[in-house]
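A quick write-up on the structure given underneath.
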Amino acid sequence: MTDTMTKSAVLILLGPPGAGKGTQARMLEEKFGLVQLSTGDLLRAAVAAGTEAGKAAKAAMDSGGLVSDEIVLAIIKDRLGEPDTKKGVILDGFPRTAVQAAALDELLADQGMSIGAAISLEVDDAAMVERVSGRYTCGNCGEGYHDSFKQPAVAGICDKCGSSDFKRRADDNAETVGARLEAYHAQTAPLISYYDGQGALKRVDAMGEIDRIAADLAAIVTEVAA
Ligand code: AMP
């Protein structure tokens with residue numbers, strides 16, 4: 001059962017790699033029926049499919065840098081044009097630059113929509129390297145695990161769907177995380193004041209228990225979509 005919302009919401013999750021954007025977006029998707037839009041997932045799918053965009057994006061992704069605004073905007077515009085997004089979306093990993101943020105404002109204005117909230121997941125950078133380098137997911141259902149913090153109850157079997165197919169992202173290693181954190185601080189963190197200026201910013205302490213953070217986020221969604 002999903003909670004009901006009277007307005008379709010556009011929510012943005014901001015935060016460095018490892019802050020929990022994907023985990024929390026998946027939880028909000030389940031609870032509110034919102035659609036999670038992760039540009040990282042869309043780009044990884046493009047790389048796997050060998051599309052022109054995927055080929056052009058791969059080197060930046062492997063090195064922990066940002067993919068060009070042009071490629072990312074083309075991908076997100078396509079996805080936002082699909083009908084399921086009318087239920088409301090959680091943008092996970094987008095926008096990441098000032099150019100992307102301005103383009104998103106225009107895109108939403110064209111459709112008579114606006115940003116419900118930009119939520120900054122506030123974490124200690126020092127903890128992110130360990131969080132990111134130990135994480136992996138179920139290849140079947142996407143459930144997240146971690147070498148130190150959350151192993152499956154039965155080794156090698158997903159708690160949620162029973163699959164034994166697990167995967168790790170190629171860029172989730174200690175070397176690349178440093179570059180990704182740098183890209184976040186240089187290019188994405190300035191968006192926190194951009195959205196503060198629009199009156200859309202909410203800050204959430206994202207260092208504690210996953211369920212407490214989820215409850216804080218759910219309260220924000222309920223407030224902006226009521
Ligand atoms: P993520 O899954 O969000 O951690 O993204 C993985 C990688 O995809 C990033 O390190 C970037 O190389 C690329 N990427 C994802 N989203 C964006 C974006 N909005 N702008 C530029 N590059 C992106």
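Residues in the structure tokens are numbered from 1 in each chain, the chains being A, B, ... in the order shown, and ligands are numbered from 1 in the order shown.
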
DSSP helix (DSSP H, G or I) residues within stretch 27-113 of chain A, as a VMD selection string: chain A and resid 27 to 32 39 to 49 52 to 63 69 to 80 83 to 87 98 to 110

Neighbour list for stretch 21-37 of chain A as a ChimeraX atom specification, cut-off 10 Å, only C-alpha atoms, skip fewer than 2 positions in-chain: /A:1-5,8-19,39-42,76,79-80,84-94,119-121,142-144,206,210-211,213-215,217-218,221-222

Nearest candidate to ligand 1 (options A:Ser163, A:Thr97, A:Gln151, A:Asn173; using only C-alpha atoms and all ligand atoms):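 Comparing A:Ser163, A:Thr97, A:Gln151, A:Asn173 against ligand 1, the winner is A:Thr97.
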
Within 10 Å of ligand 1 (only C-alpha atoms and all ligand atoms), residues as an MDAnalysis selection string: chainID A and resid 15:18 21:22 38:44 57:73 75:76 91:97 99:101 132 169:172 176:177 179:181 183:184 187:188

Minimum-distance residue to A:Lys160, chosen among A:Thr137, A:Gln198, A:Thr51, A:Gln111 (using only C-alpha atoms): A:Thr137

Contacts of A:Ser148 at 9 Å (only C-alpha atoms; same-chain gap of 4+ positions) as a list in words: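 Listing them by chain and then by number gives Glu130, Arg131, Gly134 and Arg135 of chain A.
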
Generate the output file for the selected residues, C-alpha atoms, as a CSV table (one decimal), in the first residue's frame.
```
chain,number,residue,atom,x,y,z
A,130,GLU,CA,34.2,3.0,3.6
A,131,ARG,CA,30.5,3.2,2.8
A,134,GLY,CA,32.1,-2.0,0.6
A,135,ARG,CA,28.7,-1.8,-1.0
```

Backbone DSSP call of strand (DSSP E) for stretch 119-186 of chain A, listed as a ChimeraX atom specification: /A:119-122,135-138,144-146,166-167

Write the residues of the preceding selection, restricted to all heavy atoms, as an mmCIF file, in the first residue's frame.
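again-v1.cif written:
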```cif
data_model
loop_
_atom_site.group_PDB
_atom_site.id
_atom_site.type_symbol
_atom_site.label_atom_id
_atom_site.label_comp_id
_atom_site.auth_asym_id
_atom_site.auth_seq_id
_atom_site.Cartn_x
_atom_site.Cartn_y
_atom_site.Cartn_z
ATOM 1 N N ILE A 119 16.373 18.092 -1.214
ATOM 2 C CA ILE A 119 16.750 17.607 0.111
ATOM 3 C C ILE A 119 18.242 17.302 0.131
ATOM 4 O O ILE A 119 18.723 16.465 -0.642
ATOM 5 C CB ILE A 119 15.953 16.347 0.470
ATOM 6 C CG1 ILE A 119 14.444 16.630 0.332
ATOM 7 C CG2 ILE A 119 16.296 15.882 1.874
ATOM 8 C CD1 ILE A 119 13.561 15.396 0.434
ATOM 9 N N SER A 120 18.953 17.998 1.005
ATOM 10 C CA SER A 120 20.389 17.760 1.130
ATOM 11 C C SER A 120 20.629 16.714 2.217
ATOM 12 O O SER A 120 20.280 16.923 3.376
ATOM 13 C CB SER A 120 21.091 19.082 1.483
ATOM 14 O OG SER A 120 22.427 18.832 1.850
ATOM 15 N N LEU A 121 21.200 15.566 1.812
ATOM 16 C CA LEU A 121 21.538 14.519 2.783
ATOM 17 C C LEU A 121 22.911 14.866 3.347
ATOM 18 O O LEU A 121 23.917 14.816 2.642
ATOM 19 C CB LEU A 121 21.550 13.144 2.106
ATOM 20 C CG LEU A 121 20.218 12.688 1.503
ATOM 21 C CD1 LEU A 121 20.349 11.321 0.843
ATOM 22 C CD2 LEU A 121 19.122 12.644 2.562
ATOM 23 N N GLU A 122 22.933 15.244 4.613
ATOM 24 C CA GLU A 122 24.160 15.763 5.215
ATOM 25 C C GLU A 122 24.936 14.641 5.903
ATOM 26 O O GLU A 122 24.404 13.960 6.789
ATOM 27 C CB GLU A 122 23.801 16.854 6.230
ATOM 28 C CG GLU A 122 22.769 17.840 5.678
ATOM 29 C CD GLU A 122 23.351 19.204 5.369
ATOM 30 O OE1 GLU A 122 23.947 19.790 6.283
ATOM 31 O OE2 GLU A 122 23.197 19.669 4.212
ATOM 32 N N ARG A 135 30.119 -1.471 -0.705
ATOM 33 C CA ARG A 135 28.710 -1.760 -1.013
ATOM 34 C C ARG A 135 28.528 -2.614 -2.266
ATOM 35 O O ARG A 135 29.341 -2.604 -3.172
ATOM 36 C CB ARG A 135 27.899 -0.459 -1.103
ATOM 37 C CG ARG A 135 28.185 0.382 -2.317
ATOM 38 C CD ARG A 135 27.451 1.719 -2.250
ATOM 39 N NE ARG A 135 27.734 2.513 -3.424
ATOM 40 C CZ ARG A 135 27.255 3.735 -3.635
ATOM 41 N NH1 ARG A 135 26.478 4.313 -2.736
ATOM 42 N NH2 ARG A 135 27.551 4.382 -4.738
ATOM 43 N N TYR A 136 27.455 -3.368 -2.275
ATOM 44 C CA TYR A 136 27.077 -4.163 -3.445
ATOM 45 C C TYR A 136 25.567 -4.368 -3.418
ATOM 46 O O TYR A 136 24.923 -4.072 -2.397
ATOM 47 C CB TYR A 136 27.837 -5.498 -3.487
ATOM 48 C CG TYR A 136 27.632 -6.414 -2.300
ATOM 49 C CD1 TYR A 136 26.712 -7.460 -2.365
ATOM 50 C CD2 TYR A 136 28.347 -6.259 -1.122
ATOM 51 C CE1 TYR A 136 26.527 -8.323 -1.291
ATOM 52 C CE2 TYR A 136 28.164 -7.101 -0.039
ATOM 53 C CZ TYR A 136 27.249 -8.138 -0.123
ATOM 54 O OH TYR A 136 27.048 -8.979 0.945
ATOM 55 N N THR A 137 25.017 -4.815 -4.534
ATOM 56 C CA THR A 137 23.555 -4.960 -4.613
ATOM 57 C C THR A 137 23.176 -6.320 -5.175
ATOM 58 O O THR A 137 23.991 -6.991 -5.820
ATOM 59 C CB THR A 137 22.924 -3.888 -5.538
ATOM 60 O OG1 THR A 137 23.611 -3.936 -6.794
ATOM 61 C CG2 THR A 137 23.015 -2.495 -4.965
ATOM 62 N N CYS A 138 21.931 -6.685 -4.936
ATOM 63 C CA CYS A 138 21.389 -7.885 -5.569
ATOM 64 C C CYS A 138 21.168 -7.557 -7.043
ATOM 65 O O CYS A 138 20.536 -6.545 -7.362
ATOM 66 C CB CYS A 138 20.066 -8.270 -4.902
ATOM 67 S SG CYS A 138 19.221 -9.575 -5.821
ATOM 68 N N GLY A 144 20.219 -3.423 -1.457
ATOM 69 C CA GLY A 144 21.599 -3.022 -1.186
ATOM 70 C C GLY A 144 22.211 -3.763 -0.003
ATOM 71 O O GLY A 144 21.526 -4.057 0.982
ATOM 72 N N TYR A 145 23.505 -4.084 -0.114
ATOM 73 C CA TYR A 145 24.245 -4.754 0.973
ATOM 74 C C TYR A 145 25.586 -4.057 1.168
ATOM 75 O O TYR A 145 25.976 -3.198 0.374
ATOM 76 C CB TYR A 145 24.472 -6.234 0.633
ATOM 77 C CG TYR A 145 23.183 -7.018 0.579
ATOM 78 C CD1 TYR A 145 22.517 -7.221 -0.638
ATOM 79 C CD2 TYR A 145 22.607 -7.514 1.744
ATOM 80 C CE1 TYR A 145 21.311 -7.913 -0.684
ATOM 81 C CE2 TYR A 145 21.397 -8.208 1.704
ATOM 82 C CZ TYR A 145 20.771 -8.406 0.495
ATOM 83 O OH TYR A 145 19.577 -9.072 0.451
ATOM 84 N N HIS A 146 26.288 -4.445 2.253
ATOM 85 C CA HIS A 146 27.600 -3.858 2.510
ATOM 86 C C HIS A 146 28.497 -4.872 3.224
ATOM 87 O O HIS A 146 28.035 -5.586 4.122
ATOM 88 C CB HIS A 146 27.438 -2.601 3.386
ATOM 89 C CG HIS A 146 28.668 -1.763 3.437
ATOM 90 N ND1 HIS A 146 29.743 -2.075 4.226
ATOM 91 C CD2 HIS A 146 29.005 -0.631 2.763
ATOM 92 C CE1 HIS A 146 30.690 -1.164 4.053
ATOM 93 N NE2 HIS A 146 30.267 -0.286 3.163
ATOM 94 N N PHE A 166 24.893 -11.280 -7.232
ATOM 95 C CA PHE A 166 25.198 -9.973 -6.632
ATOM 96 C C PHE A 166 26.130 -9.203 -7.557
ATOM 97 O O PHE A 166 26.888 -9.805 -8.311
ATOM 98 C CB PHE A 166 25.859 -10.152 -5.268
ATOM 99 C CG PHE A 166 24.930 -10.749 -4.251
ATOM 100 C CD1 PHE A 166 24.909 -12.108 -4.020
ATOM 101 C CD2 PHE A 166 24.058 -9.941 -3.529
ATOM 102 C CE1 PHE A 166 24.033 -12.669 -3.093
ATOM 103 C CE2 PHE A 166 23.177 -10.479 -2.592
ATOM 104 C CZ PHE A 166 23.168 -11.846 -2.381
ATOM 105 N N LYS A 167 26.058 -7.862 -7.485
ATOM 106 C CA LYS A 167 26.992 -7.105 -8.319
ATOM 107 C C LYS A 167 27.557 -5.883 -7.587
ATOM 108 O O LYS A 167 26.905 -5.350 -6.683
ATOM 109 C CB LYS A 167 26.349 -6.718 -9.653
ATOM 110 C CG LYS A 167 25.087 -5.919 -9.515
ATOM 111 C CD LYS A 167 24.492 -5.639 -10.888
ATOM 112 C CE LYS A 167 23.340 -4.666 -10.713
ATOM 113 N NZ LYS A 167 22.557 -4.426 -11.874
#
```

Counting only C-alpha atoms, the option among A:Val154, A:Ala98, A:Ala225, A:Ala56 closest to A:Ala186: A:Ala98

Point-to-point distance in Å for atom CA of A:Asp196 and atom CA of A:Leu108: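 We find that atom CA of A:Leu108 and atom CA of A:Asp196 lie 17.9 Å from each other.
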